[in-house]
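Undergrad: What follows is start30.txt, made up of compact mmCIF, C-alpha atoms:
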```txt
# COMPACT_ATOMS: atom_id res chain seq x y z
CA MET A 1 0.00 0.00 0.00
CA THR A 2 2.82 2.35 0.88
CA LEU A 3 4.54 1.66 -2.42
CA LEU A 4 1.36 2.46 -4.26
CA ILE A 5 1.10 5.77 -2.43
CA LEU A 6 4.72 6.61 -3.26
CA ALA A 7 4.19 5.67 -6.91
CA ALA A 8 1.08 7.87 -7.05
CA ILE A 9 3.02 10.79 -5.54
CA VAL A 10 5.86 10.32 -8.06
CA LEU A 11 3.45 10.26 -10.99
CA LEU A 12 1.47 13.23 -9.71
CA GLY A 13 4.57 15.27 -8.88
CA SER A 14 6.21 14.48 -12.22
CA GLY A 15 3.05 15.40 -14.09
CA VAL A 16 2.69 18.70 -12.24
CA SER A 17 6.40 19.54 -12.78
CA TYR A 18 6.16 18.79 -16.49
CA SER A 19 2.97 20.84 -16.82
CA VAL A 20 4.68 23.78 -15.11
CA PHE A 21 7.67 23.37 -17.44
CA ILE A 22 5.46 23.34 -20.56
CA GLU A 23 3.58 26.41 -19.42
CA GLN A 24 6.77 28.30 -18.56
CA ARG A 25 8.45 27.16 -21.80
CA ASP A 26 5.60 28.45 -23.94
CA ARG A 27 5.55 31.72 -22.03
CA LEU A 28 9.31 32.22 -22.43
CA ILE A 29 9.17 31.42 -26.16
CA ASP A 30 6.33 33.91 -26.64
CA THR A 31 8.30 36.52 -24.71
CA ALA A 32 11.40 35.84 -26.82
CA ARG A 33 9.36 36.18 -30.00
CA ASP A 34 8.02 39.54 -28.82
CA ASP A 35 11.56 40.62 -27.88
CA LEU A 36 12.89 39.78 -31.33
CA ASP A 37 9.98 41.58 -32.99
CA ARG A 38 10.80 44.70 -30.98
CA ALA A 39 14.50 44.20 -31.67
CA LYS A 40 13.88 44.22 -35.42
CA THR A 41 12.21 47.60 -35.15
CA THR A 42 14.91 48.97 -32.87
CA PHE A 43 17.74 47.82 -35.14
CA ALA A 44 16.02 49.34 -38.16
CA ARG A 45 15.60 52.63 -36.29
CA SER A 46 19.23 52.61 -35.09
CA LEU A 47 20.52 52.02 -38.60
CA ASP A 48 18.28 54.75 -39.97
CA VAL A 49 19.93 57.07 -37.47
CA LEU A 50 23.32 55.79 -38.61
CA PHE A 51 22.67 56.61 -42.26
CA GLY A 52 20.53 59.71 -41.78
CA PRO A 53 23.49 62.14 -41.44
CA GLY A 54 24.82 60.99 -44.83
CA PHE A 55 21.65 62.09 -46.58
CA GLU A 56 21.65 65.34 -44.57
CA ILE A 57 25.21 66.15 -45.72
CA ILE A 58 24.22 65.58 -49.34
CA ARG A 59 21.17 67.84 -48.99
CA SER A 60 23.28 70.47 -47.25
CA PHE A 61 25.84 70.52 -50.06
CA GLU A 62 23.15 70.65 -52.74
CA ALA A 63 21.53 73.58 -50.94
CA ALA A 64 24.75 75.59 -51.47
CA ASP A 65 24.10 75.54 -55.23
CA PRO A 66 27.57 74.23 -56.13
CA TRP A 67 26.85 74.66 -59.84
CA ASP A 68 26.83 78.43 -59.35
CA LEU A 69 30.24 78.52 -57.65
CA ASP A 70 33.41 79.36 -59.47
CA ARG A 71 36.43 77.13 -59.06
CA SER A 72 38.06 79.29 -56.38
CA GLU A 73 35.03 78.96 -54.06
CA THR A 74 34.30 75.25 -54.31
CA GLU A 75 36.86 74.17 -51.69
CA ARG A 76 35.69 76.70 -49.09
CA VAL A 77 31.99 75.97 -49.61
CA PHE A 78 32.42 72.22 -49.48
CA PHE A 79 34.46 72.15 -46.25
CA ALA A 80 32.11 74.66 -44.66
CA ALA A 81 29.15 72.43 -45.51
CA VAL A 82 30.52 69.06 -44.39
CA THR A 83 33.24 69.50 -41.74
CA GLY A 84 30.84 70.13 -38.87
CA ALA A 85 28.69 67.16 -39.88
CA VAL A 86 31.72 64.85 -40.00
CA GLU A 87 32.91 66.04 -36.58
CA GLY A 88 29.46 65.85 -35.03
CA ASN A 89 28.46 62.41 -36.33
CA PRO A 90 30.75 59.57 -35.30
CA GLU A 91 28.85 57.30 -37.66
CA VAL A 92 30.22 59.28 -40.61
CA ASN A 93 33.87 58.50 -41.29
CA GLY A 94 34.25 61.05 -44.03
CA ALA A 95 32.61 63.20 -46.69
CA PHE A 96 34.10 64.08 -50.06
CA VAL A 97 33.30 65.49 -53.45
CA GLY A 98 34.84 64.73 -56.83
CA TYR A 99 34.55 66.86 -59.92
CA PRO A 100 34.62 65.89 -63.58
CA ASP A 101 37.90 67.77 -63.99
CA GLY A 102 39.60 65.65 -61.30
CA ARG A 103 39.39 68.03 -58.36
CA PHE A 104 38.78 66.32 -55.04
CA TYR A 105 38.05 67.53 -51.50
CA HIS A 106 37.78 65.21 -48.52
CA ALA A 107 37.04 65.69 -44.79
CA GLN A 108 37.44 62.66 -42.52
CA ASP A 109 37.97 61.66 -38.91
CA ILE A 110 40.07 58.53 -39.54
CA VAL A 111 43.83 58.85 -39.72
CA PRO A 112 45.14 57.42 -43.01
CA GLN A 113 47.48 54.49 -42.73
CA ALA A 114 50.11 56.38 -44.73
CA LEU A 115 50.24 59.11 -42.08
CA ILE A 116 50.53 56.54 -39.30
CA GLU A 117 53.44 54.96 -41.11
CA TYR A 118 54.97 58.41 -41.63
CA PHE A 119 54.96 58.98 -37.88
CA GLY A 120 56.60 55.64 -37.19
CA GLY A 121 53.50 53.55 -36.53
CA ALA A 122 52.14 55.66 -33.69
CA LYS A 123 48.99 57.71 -33.99
CA ARG A 124 49.97 61.29 -33.23
CA ILE A 125 47.09 63.12 -34.89
CA ASP A 126 43.89 64.12 -33.13
CA GLY A 127 41.27 66.08 -34.98
CA THR A 128 39.50 66.26 -38.29
CA LEU A 129 41.62 65.74 -41.38
CA ARG A 130 41.00 67.17 -44.80
CA ARG A 131 42.56 66.65 -48.19
CA ALA A 132 42.38 69.05 -51.12
CA ILE A 133 43.42 68.24 -54.68
CA ASP A 134 42.75 71.63 -56.21
CA THR A 135 44.99 71.41 -59.25
CA PRO A 136 44.80 67.84 -60.53
CA GLU A 137 46.47 68.90 -63.77
CA THR A 138 49.77 69.33 -61.92
CA ASP A 139 49.30 67.65 -58.51
CA ARG A 140 47.21 64.57 -57.82
CA LYS A 141 48.57 64.06 -54.33
CA GLY A 142 46.96 67.14 -52.86
CA VAL A 143 47.46 68.80 -49.50
CA TRP A 144 46.61 67.19 -46.16
CA SER A 145 45.67 69.41 -43.20
CA VAL A 146 44.49 68.83 -39.63
CA ARG A 147 42.37 71.09 -37.46
CA ALA A 148 44.54 72.00 -34.47
CA GLY A 149 43.00 73.04 -31.16
CA SER A 150 39.67 74.63 -30.40
CA ALA A 151 40.50 77.73 -32.47
CA GLY A 152 39.91 75.76 -35.65
CA ARG A 153 43.26 76.60 -37.21
CA TRP A 154 44.29 74.19 -39.96
CA GLU A 155 47.87 72.94 -40.03
CA ARG A 156 49.42 71.41 -43.09
CA LEU A 157 50.70 67.82 -42.89
CA PRO A 158 53.41 66.08 -44.92
CA THR A 159 52.50 65.30 -48.50
CA LEU A 160 51.67 61.64 -48.98
CA PRO A 161 53.18 59.81 -51.94
CA SER A 162 50.02 58.32 -53.46
CA ASP A 163 48.14 59.96 -56.32
CA TYR A 164 44.36 60.06 -56.33
CA ASP A 165 41.84 60.48 -59.11
CA PRO A 166 38.21 60.45 -57.92
CA ARG A 167 36.96 59.64 -61.40
CA GLU A 168 38.53 56.16 -61.13
CA ARG A 169 36.87 55.28 -57.85
CA PRO A 170 33.84 52.86 -57.64
CA TRP A 171 31.59 55.40 -55.92
CA TYR A 172 32.12 58.00 -58.67
CA LYS A 173 31.43 55.60 -61.49
CA LYS A 174 28.33 54.12 -59.87
CA ALA A 175 26.74 57.49 -59.09
CA LEU A 176 27.58 59.09 -62.42
CA ASP A 177 24.68 57.52 -64.30
CA ALA A 178 22.21 57.28 -61.40
CA GLU A 179 19.36 59.66 -60.71
CA HIS A 180 19.18 58.86 -56.99
CA PRO A 181 21.69 58.25 -54.23
CA VAL A 182 23.52 54.95 -54.61
CA TRP A 183 25.39 52.66 -52.27
CA THR A 184 28.59 51.01 -53.37
CA ASP A 185 29.59 47.45 -52.77
CA PRO A 186 32.15 47.02 -49.97
CA TYR A 187 35.57 48.22 -51.05
CA THR A 188 38.83 49.36 -49.50
CA PHE A 189 39.05 53.09 -48.78
CA ALA A 190 42.10 54.51 -50.52
CA SER A 191 42.81 56.99 -47.73
CA THR A 192 42.52 54.67 -44.73
CA GLY A 193 42.90 51.12 -46.01
CA GLN A 194 39.69 50.14 -44.20
CA LEU A 195 36.89 48.18 -45.77
CA GLY A 196 33.76 50.24 -46.10
CA ILE A 197 30.85 51.42 -48.19
CA THR A 198 29.99 54.77 -49.69
CA LEU A 199 26.75 56.67 -50.20
CA ALA A 200 27.19 58.72 -53.36
CA LYS A 201 25.00 61.04 -55.37
CA ALA A 202 25.48 62.95 -58.58
CA VAL A 203 24.86 66.71 -58.15
CA ARG A 204 23.44 68.16 -61.35
CA ASP A 205 22.77 71.65 -62.57
CA GLN A 206 19.53 72.91 -64.05
CA SER A 207 20.32 71.30 -67.41
CA GLY A 208 20.95 67.88 -65.84
CA ALA A 209 24.69 67.93 -66.38
CA VAL A 210 26.80 66.44 -63.62
CA VAL A 211 28.52 69.16 -61.63
CA ALA A 212 30.08 66.91 -58.97
CA ILE A 213 29.74 63.57 -57.22
CA ILE A 214 29.43 63.83 -53.46
CA GLY A 215 30.07 60.81 -51.27
CA ILE A 216 29.82 59.80 -47.62
CA ASP A 217 32.06 57.10 -46.22
CA LEU A 218 30.92 54.56 -43.67
CA SER A 219 33.36 51.91 -42.56
CA LEU A 220 32.02 48.45 -41.90
CA ALA A 221 33.58 48.70 -38.47
CA SER A 222 31.21 51.59 -37.67
CA LEU A 223 28.23 49.63 -38.96
CA SER A 224 29.25 46.65 -36.87
CA GLN A 225 29.74 48.87 -33.81
CA VAL A 226 26.17 50.16 -34.15
CA LEU A 227 24.92 46.56 -34.26
CA LEU A 228 26.97 45.74 -31.17
CA ASP A 229 25.84 48.82 -29.23
CA THR A 230 22.20 48.23 -30.11
CA LEU A 231 22.53 44.58 -29.14
CA ASP A 232 23.89 45.60 -25.75
CA GLN A 233 21.00 47.97 -25.19
CA LEU A 234 18.04 45.76 -25.98
CA ALA A 235 18.91 42.09 -26.23
CA ILE A 236 20.75 39.25 -24.62
CA ARG A 237 24.45 39.39 -25.41
CA GLU A 238 24.30 35.77 -26.60
CA ASP A 239 21.96 36.83 -29.43
CA VAL A 240 23.23 36.59 -32.98
CA VAL A 241 22.84 39.73 -35.09
CA PHE A 242 24.40 40.69 -38.40
CA ALA A 243 23.64 42.66 -41.55
CA THR A 244 24.08 41.83 -45.22
CA ASP A 245 23.40 43.66 -48.43
CA PHE A 246 20.60 42.50 -50.69
CA GLY A 247 23.02 40.05 -52.28
CA SER A 248 23.64 38.35 -48.90
CA GLN A 249 27.18 39.74 -48.71
CA MET A 250 28.15 40.29 -45.07
CA LEU A 251 28.44 44.00 -44.25
CA GLY A 252 28.09 44.26 -40.49
CA HIS A 253 28.77 41.91 -37.59
CA PRO A 254 29.64 42.55 -33.93
CA ASP A 255 32.88 40.63 -34.47
CA LEU A 256 33.91 43.33 -36.93
CA ALA A 257 33.31 46.21 -34.54
CA ASP A 258 36.29 48.55 -34.18
CA THR A 259 36.31 51.04 -31.34
CA GLY A 260 39.36 52.86 -32.61
CA SER A 261 39.50 55.47 -35.33
CA SER A 262 42.84 54.61 -36.88
CA ALA A 263 43.10 52.45 -39.94
CA THR A 264 43.93 48.78 -39.66
CA PRO A 265 44.28 47.32 -43.14
CA ASN A 266 43.85 43.71 -42.08
CA ARG A 267 41.03 44.46 -39.66
CA ASN A 268 38.24 43.27 -41.96
CA ASN A 269 40.03 40.49 -43.76
CA GLY A 270 37.84 38.08 -41.83
CA LEU A 271 34.74 39.28 -43.67
CA ASP A 272 34.93 36.44 -46.16
CA SER A 273 34.96 33.91 -43.34
CA PHE A 274 31.30 34.68 -42.70
CA ASN A 275 30.49 33.36 -46.17
CA GLU A 276 31.81 29.89 -45.42
CA THR A 277 29.27 27.13 -45.91
CA GLY A 278 28.01 25.71 -42.65
CA ARG A 279 28.46 28.86 -40.58
CA LEU A 280 25.45 29.73 -38.47
CA GLU A 281 25.09 33.05 -40.29
CA GLN A 282 24.79 31.28 -43.64
CA VAL A 283 22.26 28.82 -42.22
CA ILE A 284 20.16 31.72 -40.94
CA ILE A 285 20.35 33.52 -44.30
CA THR A 286 19.22 30.38 -46.13
CA ALA A 287 16.40 29.75 -43.65
CA THR A 288 14.95 33.28 -43.98
CA PRO A 289 14.74 34.12 -47.71
CA GLU A 290 12.11 36.78 -47.04
CA PRO A 291 11.39 39.28 -44.26
CA SER A 292 9.27 37.35 -41.84
CA GLU A 293 7.88 36.97 -38.39
CA VAL A 294 9.96 35.17 -35.81
CA GLU A 295 10.42 31.55 -36.86
CA MET A 296 11.99 28.42 -35.39
CA LEU A 297 15.23 27.13 -36.92
CA GLU A 298 16.91 23.84 -36.06
CA THR A 299 20.51 23.18 -37.08
CA ASP A 300 23.22 20.86 -35.77
CA GLY A 301 21.00 19.70 -32.94
CA LYS A 302 20.32 23.23 -31.71
CA ARG A 303 17.23 25.37 -32.09
CA PHE A 304 17.05 29.11 -32.67
CA LEU A 305 14.38 31.75 -32.97
CA VAL A 306 15.25 33.77 -36.09
CA ALA A 307 13.91 36.94 -37.68
CA ARG A 308 14.83 39.26 -40.55
CA THR A 309 14.03 42.85 -41.42
CA ASP A 310 14.99 44.85 -44.51
CA LEU A 311 15.88 48.55 -44.48
CA ASP A 312 14.30 50.95 -46.93
CA PRO A 313 16.97 51.74 -49.56
CA ARG A 314 15.43 55.18 -50.09
CA THR A 315 16.45 56.31 -46.60
CA ALA A 316 19.25 53.94 -45.64
CA LEU A 317 21.76 51.47 -46.91
CA PRO A 318 19.88 48.50 -48.46
CA LEU A 319 20.49 46.10 -45.64
CA ARG A 320 19.01 42.88 -44.40
CA VAL A 321 19.30 42.62 -40.65
CA TYR A 322 19.15 39.13 -39.20
CA LEU A 323 18.56 38.25 -35.56
CA ALA A 324 18.68 34.88 -33.85
CA ARG A 325 18.35 33.75 -30.26
CA ASP A 326 19.46 30.38 -28.96
CA LEU A 327 16.45 28.48 -27.63
CA ASP A 328 18.62 26.96 -24.91
CA VAL A 329 19.20 30.48 -23.59
CA VAL A 330 15.49 31.26 -23.86
CA LEU A 331 14.50 28.12 -21.96
CA ALA A 332 17.28 28.26 -19.37
CA ASP A 333 14.89 29.49 -16.65
CA ALA A 334 12.27 26.89 -17.52
CA VAL A 335 14.81 24.07 -17.46
CA ALA A 336 16.21 25.33 -14.16
CA THR A 337 12.68 25.43 -12.72
CA LEU A 338 11.99 21.89 -13.95
CA ILE A 339 15.22 20.60 -12.41
CA ARG A 340 14.44 22.39 -9.16
CA ASN A 341 10.92 20.96 -9.04
CA LEU A 342 12.20 17.44 -9.75
CA LEU A 343 14.80 17.82 -7.00
CA LEU A 344 12.11 19.02 -4.60
CA LEU A 345 9.95 16.07 -5.62
CA PHE A 346 12.87 13.71 -5.04
CA LEU A 347 13.51 15.24 -1.61
CA ALA A 348 9.81 15.00 -0.77
CA ILE A 349 9.81 11.32 -1.76
CA VAL A 350 12.91 10.68 0.35
CA VAL A 351 11.38 12.45 3.34
CA LEU A 352 8.10 10.60 2.85
CA GLY A 353 9.96 7.32 2.56
CA VAL A 354 11.87 7.98 5.78
CA VAL A 355 8.68 8.99 7.57
CA THR A 356 6.90 5.91 6.21
CA PHE A 357 9.76 3.68 7.33
CA TYR A 358 9.75 5.02 10.88
CA ALA A 359 5.96 4.95 10.99
CA ALA A 360 6.00 1.28 10.00
CA LYS A 361 8.74 0.61 12.53
CA LEU A 362 6.71 2.39 15.21
CA ARG A 363 3.61 0.36 14.31
CA ILE A 364 5.62 -2.85 14.68
CA GLU A 365 6.98 -1.75 18.05
CA VAL A 366 3.54 -0.71 19.26
CA ALA A 367 2.06 -4.03 18.13
CA SER A 368 4.89 -5.90 19.88
CA ARG A 369 4.31 -3.93 23.10
CA GLN A 370 0.57 -4.49 22.92
CA LYS A 371 1.16 -8.21 22.46
CA ALA A 372 3.49 -8.31 25.47
CA GLU A 373 0.97 -6.40 27.58
CA ALA A 374 -1.77 -8.84 26.53
CA GLU A 375 0.43 -11.80 27.48
CA LEU A 376 1.21 -10.22 30.86
CA LEU A 377 -2.49 -9.57 31.45
CA GLU A 378 -3.31 -13.14 30.53
CA ALA A 379 -0.60 -14.46 32.91
CA LYS A 380 -1.93 -12.22 35.66
CA GLU A 381 -5.45 -13.56 35.14
CA ILE A 382 -4.14 -17.14 35.22
CA ALA A 383 -2.21 -16.45 38.43
CA GLU A 384 -5.25 -14.84 40.02
CA ALA A 385 -7.40 -17.82 38.97
CA ALA A 386 -4.84 -20.22 40.49
CA THR A 387 -4.83 -18.24 43.73
CA GLN A 388 -8.58 -18.27 43.80
CA ALA A 389 -8.63 -22.04 43.18
CA LYS A 390 -6.15 -22.60 46.02
CA SER A 391 -8.22 -20.52 48.40
CA THR A 392 -11.37 -22.42 47.43
CA PHE A 393 -9.57 -25.76 47.86
CA LEU A 394 -8.23 -24.87 51.31
CA ALA A 395 -11.61 -23.62 52.45
CA THR A 396 -13.26 -26.84 51.28
CA MET A 397 -10.62 -29.04 52.92
CA SER A 398 -10.90 -27.11 56.17
CA HIS A 399 -14.62 -27.72 56.21
CA GLU A 400 -14.24 -31.40 55.41
CA ILE A 401 -11.71 -31.90 58.17
CA ARG A 402 -13.51 -29.83 60.81
CA THR A 403 -16.83 -31.65 60.46
CA PRO A 404 -15.62 -35.20 61.39
CA MET A 405 -13.38 -33.84 64.10
CA ASN A 406 -16.35 -32.20 65.74
CA GLY A 407 -18.03 -35.64 65.82
CA VAL A 408 -14.97 -37.25 67.40
CA MET A 409 -14.74 -34.63 70.04
CA SER A 410 -18.41 -35.01 70.76
CA GLU A 411 -18.04 -38.76 71.33
CA ARG A 412 -15.05 -38.13 73.55
CA GLY A 413 -17.15 -35.86 75.70
CA HIS A 414 -19.84 -38.45 76.13
CA VAL A 415 -17.30 -41.03 77.19
CA HIS A 416 -15.94 -38.80 79.94
CA GLY A 417 -19.21 -37.42 80.98
CA ARG A 418 -18.58 -33.92 79.74
CA ALA A 419 -20.45 -32.04 77.29
CA PRO A 420 -18.80 -32.21 74.03
CA ARG A 421 -16.96 -29.08 72.86
CA ALA A 422 -16.85 -27.98 69.39
CA TYR A 423 -13.74 -28.72 67.54
CA THR A 424 -11.95 -25.52 66.88
CA PRO A 425 -8.76 -24.70 65.24
CA ASP A 426 -7.20 -23.99 68.64
CA ARG A 427 -8.07 -27.39 69.87
CA ARG A 428 -6.98 -28.89 66.62
CA ALA A 429 -3.69 -27.21 67.05
CA GLY A 430 -3.43 -28.50 70.61
CA ALA A 431 -4.09 -32.02 69.54
CA ASP A 432 -1.13 -31.88 67.37
CA ASP A 433 1.07 -30.35 70.09
CA PRO A 434 2.03 -32.69 72.98
CA ASP A 435 2.82 -29.68 75.15
CA HIS A 436 -0.58 -28.11 74.63
CA PRO A 437 -2.65 -28.16 77.89
CA SER A 438 -5.55 -29.79 76.20
CA VAL A 439 -3.45 -32.76 75.30
CA GLY A 440 -2.39 -33.17 78.91
CA ARG A 441 -5.93 -33.01 80.05
CA CYS A 442 -6.98 -35.62 77.62
CA ALA A 443 -4.21 -37.88 78.70
CA ALA A 444 -5.10 -37.45 82.40
CA ASP A 445 -8.68 -38.11 81.72
CA HIS A 446 -7.75 -41.26 79.92
CA HIS A 447 -5.72 -42.62 82.83
CA GLN A 448 -8.42 -42.01 85.26
```
Turn this file's structure into structure tokens for me.
TA:
Amino acid sequence: MTLLILAAIVLLGSGVSYSVFIEQRDRLIDTARDDLDRAKTTFARSLDVLFGPGFEIIRSFEAADPWDLDRSETERVFFAAVTGAVEGNPEVNGAFVGYPDGRFYHAQDIVPQALIEYFGGAKRIDGTLRRAIDTPETDRKGVWSVRAGSAGRWERLPTLPSDYDPRERPWYKKALDAEHPVWTDPYTFASTGQLGITLAKAVRDQSGAVVAIIGIDLSLASLSQVLLDTLDQLAIREDVVFATDFGSQMLGHPDLADTGSSATPNRNNGLDSFNETGRLEQVIITATPEPSEVEMLETDGKRFLVARTDLDPRTALPLRVYLARDLDVVLADAVATLIRNLLLLFLAIVVLGVVTFYAAKLRIEVASRQKAEAELLEAKEIAEAATQAKSTFLATMSHEIRTPMNGVMSERGHVHGRAPRAYTPDRRAGADDPDHPSVGRCAADHHQ
């Protein structure tokens, strides 16, 4: 019976624990789905903020009517329009403009690798840099300057050995025939050696002729840093998040984040590693061919909640942002609760078993004591019955002996002429004692 009770408790406790686990699991999965839905919106908003300044710089430059400027004013107007935006927006690594005649002006906040090498490998420049190639017919290296101090005075830097022609760059060629802003494929920035992308737009005069091509640089390290910062703000750090272009080419990943501003030519050489077959990122890309709600993905024995959102190419870089959360992380609390409940059930069974054992032992001891008490009571009753039988026997024998003795004594009295006396115990005792006076009297009477 006890085993049946224990078995019933085990089944009931296990069923309740599993039911609690299922309920908590479903609740945690629903919560994770909602979190990823909100994360998609937040990432899209963060990246819109990242790219917004680029479009503002382009609009600001166009508002200066560059087609009405003569050649001597173009440098001043351009730097006046973009330098503050570059300094005030860490997301923007640089802004530049190239002209059909080969002129080029560039403001940036990343120190070119050539300058770092010039100073012996140590970064000794702080401030916004600018480059001006004002006479490409005779000088394609241009002049580098740095803003020194809060006064805004520009100091000239050593001339770097490399020539530069904006008309040969990918961003210039891609924007030349486009009516709207364009984004380049990832390429290596000539000035910094970093891998990045460029937002470029052709600025046209009233007749539609191209006056200049303006571009905004964004390094992939900056894009990746935004993903990392946003991930820290709203999601579990174990979440997977990355961004690709519409051709599924990796553009941003937290592993590519670079907190420094100096160039590191080999920093992004690992970009191609994300395209290796079998990587989790590639599995996620394959599993989500379209923007979708949060879905379940199983790969290599693990399960993930995955989601994808696409940015609007009219206001931002055409990106696909992917998010994934490990289901083991999601269900960690539920699993811990299940284990805890099973441990509590095990402890309860152990305690119940111990209590049952001692209760059974106590019942045995009580039964044994009750049996002993019953045996003692029975022995007592037998002893009392024996005592009562003895008393009855002695009383009966006393009566049987006293009655004939009274007759004898009566006859003795008649023989001696005395009235017979009743036989009493005292006389009976005297008859047995030769020294008793009654015996002497009887003897005397006999001799007379």
Undergrad: Tell me which protein, DNA and RNA residues are within 10 Å of Pro318 in chain A, counting all atoms listed in the file, leaving out same-chain ones fewer than 6 positions away, and put them as JSON, numbers by chain.
TA: {"A": [182, 183, 243, 244, 245, 246, 247, 310, 311, 312]}
Undergrad: For CA of Gly142 in chain A and CA of Thr159 in chain A, quote the distance in Å rounded to one decimal.
TA: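 Answer for the CA of Gly142 in chain A to CA of Thr159 in chain A separation: 7.3 Å.
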Undergrad: Tell me which of A:Arg308, A:His253, A:Lys390, A:Arg369 sits closest to Thr41 in chain A, counting only C-alpha atoms.
TA: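 Result for the nearest residue to Thr41 in chain A: A:Arg308.
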Undergrad: CA of Ile58 in chain A to CA of Leu251 in chain A: how many Å, to one decimal?
TA: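 Going from CA of Ile58 in chain A over to CA of Leu251 in chain A covers 22.6 Å.
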Undergrad: Mind giving me the straight-line distance from CA of Arg320 in chain A to CA of Phe61 in chain A in Å, one decimal?
TA: 29.0 Å
Undergrad: For Glu238 in chain A, which residue out of A:Glu295, A:Pro313, A:Asp165, A:Ala324 is the nearest one, using all atoms listed in the file?
TA: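 Closest candidate: A:Ala324.
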Undergrad: Hey, which of A:Arg169, A:Pro66, A:Gln225, A:Thr135 ends up closest to Val210 in chain A? Count all atoms listed in the file.
TA: A:Pro66
Undergrad: With the cut-off set at 12 Å and counting all atoms listed in the file, tabulate each residue of range 220-252 of chain A with an atom at most that distance from an atom of range 82-90 of chain A, showing the nearest atom pair and its distance in Å to one decimal, ordered by chain and increasing number, as a Markdown table.
TA:
```
| residue | atom | partner | partner_atom | distance |
| --- | --- | --- | --- | --- |
| A:Ala221 | CA | A:Pro90 | CA | 11.7 |
| A:Ser222 | CA | A:Pro90 | CA | 8.3 |
| A:Leu223 | CA | A:Pro90 | CA | 10.9 |
| A:Gln225 | CA | A:Pro90 | CA | 10.9 |
| A:Val226 | CA | A:Pro90 | CA | 10.5 |
```
Undergrad: Taking all atoms of range 175-180 of chain A that the file lists, what box with edges along x, y and z, padded by 3 Å per side, do you get, with centre and edge lengths in Å to one decimal, as lines of an AutoDock Vina configuration file?
TA:
```
center_x = 23.4
center_y = 58.5
center_z = -60.6
size_x = 14.4
size_y = 8.4
size_z = 13.3
```
Undergrad: Using all atoms listed in the file, which of the listed residues (A:Leu256, A:Asn406, A:Gln233, A:Glu179) sits closest to Gly208 in chain A?
TA: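 Closest to Gly208 in chain A, using all atoms listed in the file: A:Glu179.
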Undergrad: Quick one: residues within 10 Å of (31.7, 38.2, -51.3) (file frame), counting all atoms listed in the file, please, as a ChimeraX atom specification.
TA: /A:185-186,247-251,271-275
Undergrad: Give me a file of those residues, with C-alpha atoms, as a PDB file, keeping the file's coordinate frame.
TA:
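So result-v5.pdb came out as:
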```
ATOM      1  CA  ASP A 185      29.590  47.450 -52.770  1.00  0.00           C
ATOM      2  CA  PRO A 186      32.150  47.020 -49.970  1.00  0.00           C
ATOM      3  CA  GLY A 247      23.020  40.050 -52.280  1.00  0.00           C
ATOM      4  CA  SER A 248      23.640  38.350 -48.900  1.00  0.00           C
ATOM      5  CA  GLN A 249      27.180  39.740 -48.710  1.00  0.00           C
ATOM      6  CA  MET A 250      28.150  40.290 -45.070  1.00  0.00           C
ATOM      7  CA  LEU A 251      28.440  44.000 -44.250  1.00  0.00           C
ATOM      8  CA  LEU A 271      34.740  39.280 -43.670  1.00  0.00           C
ATOM      9  CA  ASP A 272      34.930  36.440 -46.160  1.00  0.00           C
ATOM     10  CA  SER A 273      34.960  33.910 -43.340  1.00  0.00           C
ATOM     11  CA  PHE A 274      31.300  34.680 -42.700  1.00  0.00           C
ATOM     12  CA  ASN A 275      30.490  33.360 -46.170  1.00  0.00           C
TER      13      ASN A 275
END
```
Undergrad: So that I can see what lies close to range 197-204 of chain A, please list as an MDAnalysis selection string the residues with an atom at most 8 Å from it, counting all atoms listed in the file and leaving out residues fewer than 5 positions away in the same chain.
TA: chainID A and resid 54 58 62 67 171:172 175:187 209:220 317
